[in-house]
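Structure file my_file-v8.txt; described as compact mmCIF, C-alpha atoms.
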```txt
# COMPACT_ATOMS: atom_id res chain seq x y z
CA MET A 1 18.65 -20.23 -6.75
CA THR A 2 18.17 -19.91 -3.01
CA LEU A 3 19.39 -16.74 -1.28
CA ARG A 4 19.72 -16.16 2.47
CA LEU A 5 18.89 -12.49 2.71
CA ASP A 6 19.82 -12.36 6.39
CA GLU A 7 23.44 -13.34 5.76
CA PRO A 8 26.32 -11.38 4.14
CA ALA A 9 27.05 -14.31 1.85
CA GLY A 10 23.44 -14.33 0.66
CA LEU A 11 23.50 -10.61 -0.06
CA GLY A 12 26.76 -11.10 -1.95
CA ALA A 13 25.16 -13.82 -4.05
CA LEU A 14 22.25 -11.44 -4.72
CA THR A 15 24.68 -8.82 -6.00
CA SER A 16 26.15 -11.32 -8.47
CA ALA A 17 22.76 -12.55 -9.61
CA ALA A 18 21.31 -9.04 -10.00
CA ALA A 19 24.13 -7.99 -12.30
CA ASP A 20 22.84 -10.45 -14.92
CA HIS A 21 19.23 -9.21 -14.81
CA ASP A 22 17.30 -6.14 -15.94
CA VAL A 23 15.11 -5.68 -12.84
CA VAL A 24 14.99 -7.07 -9.30
CA VAL A 25 11.60 -7.53 -7.61
CA ASN A 26 11.60 -7.86 -3.83
CA ALA A 27 8.59 -10.04 -3.06
CA SER A 28 10.33 -11.77 -0.16
CA GLY A 29 8.53 -9.93 2.63
CA VAL A 30 11.95 -9.04 4.06
CA GLU A 31 12.09 -5.27 4.61
CA ASP A 32 15.75 -4.33 4.76
CA VAL A 33 17.48 -1.59 2.77
CA ALA A 34 20.53 -3.90 2.66
CA ILE A 35 18.68 -5.86 -0.02
CA ARG A 36 18.44 -2.73 -2.16
CA ALA A 37 22.10 -1.98 -1.48
CA ALA A 38 23.08 -5.45 -2.66
CA CYS A 39 21.79 -4.66 -6.15
CA ALA A 40 22.23 -0.87 -6.10
CA ASP A 41 23.01 -0.44 -9.81
CA VAL A 42 20.03 -2.50 -10.99
CA PRO A 43 16.42 -1.20 -11.19
CA PHE A 44 14.43 -2.43 -8.20
CA VAL A 45 10.72 -2.95 -7.51
CA ASP A 46 9.50 -3.45 -3.93
CA ILE A 47 5.97 -4.59 -3.07
CA SER A 48 6.15 -3.67 0.62
CA ALA A 49 3.39 -1.60 2.25
CA THR A 50 5.39 -0.53 5.32
CA GLY A 51 5.83 3.24 5.54
CA ALA A 52 9.05 3.35 7.55
CA TYR A 53 10.81 0.93 5.19
CA LEU A 54 9.57 2.63 2.03
CA ASP A 55 10.59 5.99 3.45
CA ALA A 56 14.11 4.63 3.86
CA LEU A 57 14.05 3.33 0.28
CA THR A 58 13.22 6.79 -1.04
CA GLU A 59 16.44 8.03 0.59
CA PHE A 60 18.64 5.32 -0.93
CA ASP A 61 21.31 6.96 -3.04
CA THR A 62 21.40 5.43 -6.51
CA GLU A 63 20.50 6.60 -10.00
CA ALA A 64 18.93 3.24 -10.79
CA THR A 65 15.13 3.30 -10.56
CA THR A 66 13.61 2.17 -7.27
CA VAL A 67 9.84 1.64 -7.27
CA CYS A 68 8.62 2.17 -3.72
CA GLY A 69 5.38 0.32 -3.06
CA ALA A 70 4.23 -1.44 -6.24
CA GLY A 71 0.91 -3.26 -6.29
CA LEU A 72 -2.59 -2.50 -5.05
CA ALA A 73 -2.14 -0.53 -1.83
CA PRO A 74 0.19 1.22 -2.14
CA GLY A 75 0.60 1.26 -5.89
CA LEU A 76 -2.79 1.70 -7.49
CA THR A 77 -3.71 3.90 -4.53
CA THR A 78 -0.87 6.32 -5.25
CA VAL A 79 -1.98 6.51 -8.89
CA LEU A 80 -5.54 7.38 -7.82
CA VAL A 81 -4.28 10.01 -5.37
CA ARG A 82 -2.22 11.62 -8.15
CA SER A 83 -5.25 11.68 -10.48
CA LEU A 84 -7.10 14.20 -8.27
CA ASP A 85 -4.64 17.07 -8.82
CA ASN A 86 -4.40 17.85 -5.10
CA ARG A 87 -2.96 21.13 -3.84
CA PRO A 88 -0.59 21.77 -0.91
CA GLY A 89 -2.59 21.86 2.31
CA ASP A 90 -5.37 19.58 1.04
CA ASP A 91 -6.70 16.62 3.00
CA VAL A 92 -7.09 13.38 1.06
CA ASP A 93 -8.70 10.19 2.36
CA VAL A 94 -7.82 6.77 0.96
CA ALA A 95 -10.33 4.02 1.81
CA ILE A 96 -9.35 0.44 0.99
CA MET A 97 -11.69 -2.55 1.11
CA LEU A 98 -10.02 -5.95 0.88
CA GLY A 99 -11.59 -9.36 0.46
CA SER A 100 -11.40 -11.14 3.80
CA GLY A 101 -12.36 -14.42 2.13
CA GLU A 102 -9.21 -14.49 0.02
CA ASP A 103 -6.48 -16.84 1.22
CA HIS A 104 -3.50 -14.49 1.46
CA GLY A 105 0.09 -15.51 1.97
CA ALA A 106 1.61 -15.69 5.44
CA ALA A 107 3.52 -12.43 4.97
CA ALA A 108 0.34 -10.49 4.14
CA VAL A 109 -1.48 -11.87 7.18
CA ALA A 110 1.52 -11.13 9.41
CA TRP A 111 1.69 -7.56 8.06
CA THR A 112 -1.97 -6.89 8.90
CA ALA A 113 -1.65 -8.43 12.36
CA GLY A 114 1.63 -6.60 12.95
CA LEU A 115 -0.11 -3.22 12.77
CA VAL A 116 -2.09 -3.98 15.92
CA GLY A 117 -1.00 -1.82 18.84
CA ARG A 118 1.49 0.12 16.71
CA GLU A 119 1.49 3.78 15.86
CA ILE A 120 1.09 4.92 12.28
CA TYR A 121 4.49 5.91 10.94
CA SER A 122 4.97 9.69 10.58
CA PRO A 123 1.24 10.50 10.23
CA SER A 124 0.48 13.51 8.08
CA ASP A 125 -1.71 15.08 10.77
CA GLY A 126 1.27 15.06 13.14
CA GLU A 127 -0.57 13.38 16.01
CA ARG A 128 -0.05 10.01 17.68
CA VAL A 129 -2.36 7.61 15.86
CA LEU A 130 -2.76 3.91 16.62
CA ASN A 131 -3.79 1.47 13.93
CA TYR A 132 -7.42 0.35 13.76
CA ARG A 133 -8.58 2.86 16.43
CA GLU A 134 -9.94 5.78 14.39
CA ARG A 135 -13.12 5.13 12.40
CA ARG A 136 -14.57 6.91 9.38
CA GLY A 137 -17.49 6.14 7.07
CA PHE A 138 -17.10 6.02 3.29
CA ASP A 139 -19.68 5.64 0.54
CA PHE A 140 -18.46 2.93 -1.78
CA ALA A 141 -20.42 2.15 -4.94
CA ASP A 142 -22.17 -0.75 -3.19
CA GLY A 143 -22.97 1.04 0.08
CA ARG A 144 -21.58 2.86 3.08
CA ARG A 145 -18.87 1.13 5.08
CA THR A 146 -17.04 1.87 8.31
CA CYS A 147 -13.27 1.94 7.75
CA LEU A 148 -10.42 1.86 10.28
CA ARG A 149 -7.36 4.12 10.13
CA ALA A 150 -4.40 1.98 9.05
CA ASP A 151 -0.72 2.45 8.24
CA PHE A 152 -0.78 2.19 4.46
CA PRO A 153 2.06 4.46 3.31
CA ASP A 154 0.34 6.79 0.82
CA HIS A 155 0.86 9.67 3.23
CA VAL A 156 4.62 9.07 2.92
CA LEU A 157 4.75 8.31 -0.80
CA ALA A 158 2.02 10.52 -2.27
CA GLY A 159 1.16 13.21 0.25
CA ARG A 160 4.25 14.43 2.05
CA PRO A 161 6.39 15.10 -1.06
CA HIS A 162 3.67 17.38 -2.44
CA GLY A 163 2.58 19.13 0.74
CA PHE A 164 -0.88 17.64 1.32
CA ARG A 165 -2.16 15.30 4.00
CA VAL A 166 -3.22 11.73 3.27
CA ARG A 167 -5.04 9.45 5.70
CA SER A 168 -5.57 5.79 4.84
CA TYR A 169 -8.35 3.54 6.10
CA LEU A 170 -9.03 -0.20 5.85
CA THR A 171 -12.21 -2.23 5.83
CA LEU A 172 -12.89 -5.85 4.93
CA ASP A 173 -15.67 -6.97 2.63
CA ASP A 174 -17.13 -9.03 5.50
CA ARG A 175 -18.56 -6.61 8.08
CA LEU A 176 -18.11 -9.05 10.97
CA SER A 177 -14.41 -9.42 10.13
CA THR A 178 -14.05 -5.63 10.14
CA ALA A 179 -15.71 -5.49 13.56
CA GLY A 180 -13.24 -8.12 14.76
CA LEU A 181 -10.34 -6.07 13.44
CA ALA A 182 -11.64 -3.03 15.34
CA LEU A 183 -11.90 -5.11 18.52
CA VAL A 184 -8.34 -6.37 18.20
CA GLY A 185 -7.24 -2.79 17.60
CA ARG A 186 -8.73 -1.86 20.97
CA LEU A 187 -7.41 -4.98 22.69
CA PRO A 188 -3.97 -5.77 21.19
CA VAL A 189 -3.64 -8.84 23.44
CA LEU A 190 -6.05 -10.50 20.98
CA ARG A 191 -3.63 -10.09 18.05
CA PRO A 192 -2.97 -13.87 17.67
CA VAL A 193 -6.66 -14.28 16.82
CA LEU A 194 -6.08 -12.53 13.48
CA THR A 195 -3.74 -15.24 12.22
CA ARG A 196 -6.25 -17.98 13.11
CA ALA A 197 -9.48 -16.26 12.07
CA PRO A 198 -11.57 -18.04 9.40
CA HIS A 199 -11.61 -16.53 5.92
CA ARG A 200 -15.11 -15.05 5.78
CA GLY A 201 -16.29 -13.03 2.80
CA GLY A 202 -15.11 -13.00 -0.79
CA ASP A 203 -12.15 -11.83 -2.87
CA ARG A 204 -13.47 -8.46 -4.05
CA TRP A 205 -11.52 -5.28 -3.40
CA ARG A 206 -12.48 -1.61 -3.57
CA ILE A 207 -10.48 1.63 -3.38
CA LEU A 208 -11.99 5.08 -2.88
CA VAL A 209 -9.86 8.26 -2.79
CA ARG A 210 -11.49 11.58 -1.89
CA ASN A 211 -10.22 15.16 -1.62
CA ARG A 212 -12.07 16.80 1.26
CA ARG A 213 -11.71 20.34 -0.13
CA THR A 214 -12.90 19.75 -3.68
CA GLY A 215 -15.08 16.69 -3.16
CA ARG A 216 -13.43 15.04 -6.17
CA GLN A 217 -13.17 11.27 -6.01
CA ALA A 218 -11.28 8.49 -7.72
CA ALA A 219 -12.36 4.89 -7.35
CA ALA A 220 -11.37 1.42 -8.52
CA HIS A 221 -12.70 -2.06 -7.92
CA GLY A 222 -12.00 -5.62 -8.92
CA ASN A 223 -11.44 -9.12 -7.63
CA GLY A 224 -8.41 -11.00 -6.33
CA GLN A 225 -6.14 -8.71 -4.33
CA SER A 226 -3.12 -11.00 -4.59
CA SER A 227 -3.36 -11.73 -8.32
CA THR A 228 -4.12 -8.08 -9.12
CA THR A 229 -1.07 -7.06 -7.10
CA GLY A 230 1.02 -9.43 -9.22
CA GLU A 231 -0.35 -7.92 -12.45
CA LEU A 232 0.42 -4.38 -11.25
CA VAL A 233 3.93 -5.36 -10.19
CA ALA A 234 4.51 -6.89 -13.63
CA GLN A 235 3.50 -3.59 -15.24
CA ALA A 236 5.92 -1.76 -12.93
CA VAL A 237 8.72 -4.10 -14.03
CA VAL A 238 8.08 -3.35 -17.71
CA ALA A 239 7.98 0.40 -17.05
CA VAL A 240 11.18 0.28 -15.01
CA ALA A 241 13.02 -1.70 -17.68
CA GLN A 242 12.18 1.11 -20.11
CA SER A 243 13.26 3.88 -17.67
CA PRO A 244 16.10 2.34 -15.65
CA SER A 245 17.69 5.53 -14.30
CA SER A 246 14.93 7.52 -12.58
CA GLY A 247 15.92 7.17 -8.91
CA PRO A 248 13.14 6.61 -6.32
CA VAL A 249 9.62 6.64 -7.81
CA THR A 250 6.10 5.45 -7.03
CA MET A 251 3.60 3.76 -9.33
CA ALA A 252 2.13 7.22 -9.95
CA ASP A 253 5.40 8.21 -11.63
CA LEU A 254 5.24 5.21 -13.96
CA THR A 255 1.64 4.99 -15.10
CA THR A 256 -1.83 6.58 -15.06
CA ALA A 257 -5.30 5.56 -13.95
CA GLU A 258 -6.41 5.40 -17.58
CA HIS A 259 -3.62 2.98 -18.46
CA LEU A 260 -4.37 0.69 -15.52
CA CYS A 261 -8.02 0.22 -16.51
CA THR A 262 -7.05 -2.75 -18.69
CA THR A 263 -5.10 -4.54 -15.94
CA PRO A 264 -6.38 -8.10 -15.29
CA GLY A 265 -8.21 -8.10 -11.96
CA VAL A 266 -9.23 -4.44 -12.28
CA SER A 267 -12.92 -4.22 -13.23
CA ALA A 268 -13.17 -0.42 -13.44
CA ILE A 269 -11.42 2.82 -12.55
CA SER A 270 -13.21 6.18 -12.41
CA VAL A 271 -12.13 9.74 -11.67
CA ASP A 272 -14.90 12.27 -10.94
```

Rewritten as structure tokens:
Amino acid sequence: MTLRLDEPAGLGALTSAAADHDVVVNASGVEDVAIRAACADVPFVDISATGAYLDALTEFDTEATTVCGAGLAPGLTTVLVRSLDNRPGDDVDVAIMLGSGEDHGAAAVAWTAGLVGREIYSPSDGERVLNYRERRGFDFADGRRTCLRADFPDHVLAGRPHGFRVRSYLTLDDRLSTAGLALVGRLPVLRPVLTRAPHRGGDRWRILVRNRRTGRQAAAHGNGQSSTTGELVAQAVVAVAQSPSSGPVTMADLTTAEHLCTTPGVSAISVD
């Protein structure tokens, strides 16, 4: 059935439809807590990566389970952060490499471009931080890469509730595409270029999570960001159907790094 999520009648139809189902997955790209409210008594899985929206979801008052940020980043990233047993006051870096050659959906491209010129939502270091401005080098398994600070919401979902600071960074598997992203970050007027840029590179993805105090690291890699996201969301749906009354949770509350090793699209996960 077709639902107009921007109209009261559409939200009413969603309420009726949700009542006949075990779990609702919001893969629409529409970030509005009214969608959650429309199916408040039904377990809910949201694949958004927007910190402000997910923060609002964590405050939504219902006993039904709400998974905030299912998928690759956030999602798998929050699981890897949890695996390091961080302490209050720690600093944790999350570096994400995505395949710039993969043909993502329009919503994913719009999300990446939409970060340009915007401040990171409620950064854990408390300072004003603009997306794609701050740079930091990370040693992935296949070499050192420059990553750009980006508004993935692990600082909201994984760090803030437990009293440690999380900073997230993004790089693309094609170095030239990463350089272009850094340029657009410095010159936001060039934002439209991101939506028209050719898809250089491949479909591989990498995640590296590091605790600065202990030096402990967790890493994962695989191929196909979009398909892997779908596999992870499917696992979240199964877990939620088995625990339907847990309130707001993250993927780290539903599963472990060891369990996710067998997920299609995930080649390996390691915790050192």

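Shortest separation to Leu130 in chain A among A:Ala218, A:Val266, A:Ala182, A:Leu190 occurs at residue A:Ala182, atoms counted being only C-alpha atoms.
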
Test item: residues at most 8 Å from Ala64 in chain A, all atoms listed in the file, excluding those fewer than 2 positions along its chain, as a PyMOL selection string: chain A and resi 40-44+62+66+244-247

Please produce an output containing C-alpha atoms for each residue in the selection, written as a compact mmCIF listing (two decimals), in the coordinates of the input.
```txt
# COMPACT_ATOMS: atom_id res chain seq x y z
CA ALA A 40 22.23 -0.87 -6.10
CA ASP A 41 23.01 -0.44 -9.81
CA VAL A 42 20.03 -2.50 -10.99
CA PRO A 43 16.42 -1.20 -11.19
CA PHE A 44 14.43 -2.43 -8.20
CA THR A 62 21.40 5.43 -6.51
CA THR A 66 13.61 2.17 -7.27
CA PRO A 244 16.10 2.34 -15.65
CA SER A 245 17.69 5.53 -14.30
CA SER A 246 14.93 7.52 -12.58
CA GLY A 247 15.92 7.17 -8.91
```

Nearest-residue call for Leu254 in chain A, choices A:Pro188, A:Val193, A:Cys68, A:Ser177, using all atoms listed in the file: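 Once distances to Leu254 in chain A are computed over all atoms listed in the file, the minimum belongs to A:Cys68.
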
Nearest-residue call for Gln235 in chain A, choices A:Arg212, A:Arg200, A:His259, A:His162, using all atoms listed in the file: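 Looking only at the distances to Gln235 in chain A, the closest residue turns out to be A:His259.
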
Contacts of Gly71 in chain A within 9 Å, only C-alpha atoms, excl. fewer than 5 positions in-chain, as a ChimeraX atom specification: /A:46-48,76-77,226,228-234,236,251

Å distance separating CA of Leu194 in chain A from CA of Pro74 in chain A, one decimal place: 21.7 Å

Residues near Asp90 in chain A, cut-off 7 Å, only C-alpha atoms, skip fewer than 5 positions along chain, as a PyMOL selection string: chain A and resi 164-165+213

Selected residue, from A:Asn26, A:Ser243, A:Asn223, A:Thr214, that lies nearest to Asp85 in chain A when counting only C-alpha atoms: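 Comparing A:Asn26, A:Ser243, A:Asn223, A:Thr214 against Asp85 in chain A, the winner is A:Thr214.
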
Pairwise distance for CA of Asp139 in chain A and CA of Arg191 in chain A, rounded to one decimal in Å: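 Between CA of Asp139 in chain A and CA of Arg191 in chain A the gap is 28.5 Å.
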
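For Arg175 in chain A, the residues within 10 Å (counting only C-alpha atoms, excluding itself and residues fewer than 6 positions away along the chain) are A:Ser100, A:Arg145, A:Thr146, A:Leu181, A:Arg200, A:Gly201.
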
Residue neighbourhood Leu5 in chain A, 8 Å, all atoms listed in the file, exclusion window fewer than 3 positions, as a list in words: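 My list of contacting residues is Pro8, Gly10, Leu11, Val30 and Ile35 of chain A.
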
Nearest candidate to Ser270 in chain A (options A:Thr50, A:Ser168, A:Ser83, A:Ser122; using all atoms listed in the file):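 Answer, going by the shortest atom-to-atom distance: A:Ser83.
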
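Straight-line separation from CA of Leu84 in chain A to CA of Val271 in chain A: 7.5 Å.
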
Radius query 12 Å about (2.3, 1.6, 19.2), atoms used: all atoms listed in the file, as a count of residues only: 18

Nearest to Leu57 in chain A by atom-to-atom distance, counting all atoms listed in the file, from A:Val189, A:Ala158, A:Ala197, A:Val33: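 Among the listed residues, A:Val33 lies closest to Leu57 in chain A.
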
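Those residues positioned at most 8 Å from (2.2, 1.7, 2.7) are Ser48, Ala49, Thr50, Gly51, Leu54, Gly69, Ala73, Pro74, Asp151, Phe152, Pro153, Asp154, Val156 and Leu157 of chain A, judged using all atoms listed in the file.
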
Output file for the selection above: C-alpha atoms, as an mmCIF file, in the coordinates of the input:
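So again.cif came out as:
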```cif
data_model
loop_
_atom_site.group_PDB
_atom_site.id
_atom_site.type_symbol
_atom_site.label_atom_id
_atom_site.label_comp_id
_atom_site.auth_asym_id
_atom_site.auth_seq_id
_atom_site.Cartn_x
_atom_site.Cartn_y
_atom_site.Cartn_z
ATOM 1 C CA SER A 48 6.150 -3.670 0.620
ATOM 2 C CA ALA A 49 3.390 -1.600 2.250
ATOM 3 C CA THR A 50 5.390 -0.530 5.320
ATOM 4 C CA GLY A 51 5.830 3.240 5.540
ATOM 5 C CA LEU A 54 9.570 2.630 2.030
ATOM 6 C CA GLY A 69 5.380 0.320 -3.060
ATOM 7 C CA ALA A 73 -2.140 -0.530 -1.830
ATOM 8 C CA PRO A 74 0.190 1.220 -2.140
ATOM 9 C CA ASP A 151 -0.720 2.450 8.240
ATOM 10 C CA PHE A 152 -0.780 2.190 4.460
ATOM 11 C CA PRO A 153 2.060 4.460 3.310
ATOM 12 C CA ASP A 154 0.340 6.790 0.820
ATOM 13 C CA VAL A 156 4.620 9.070 2.920
ATOM 14 C CA LEU A 157 4.750 8.310 -0.800
#
```
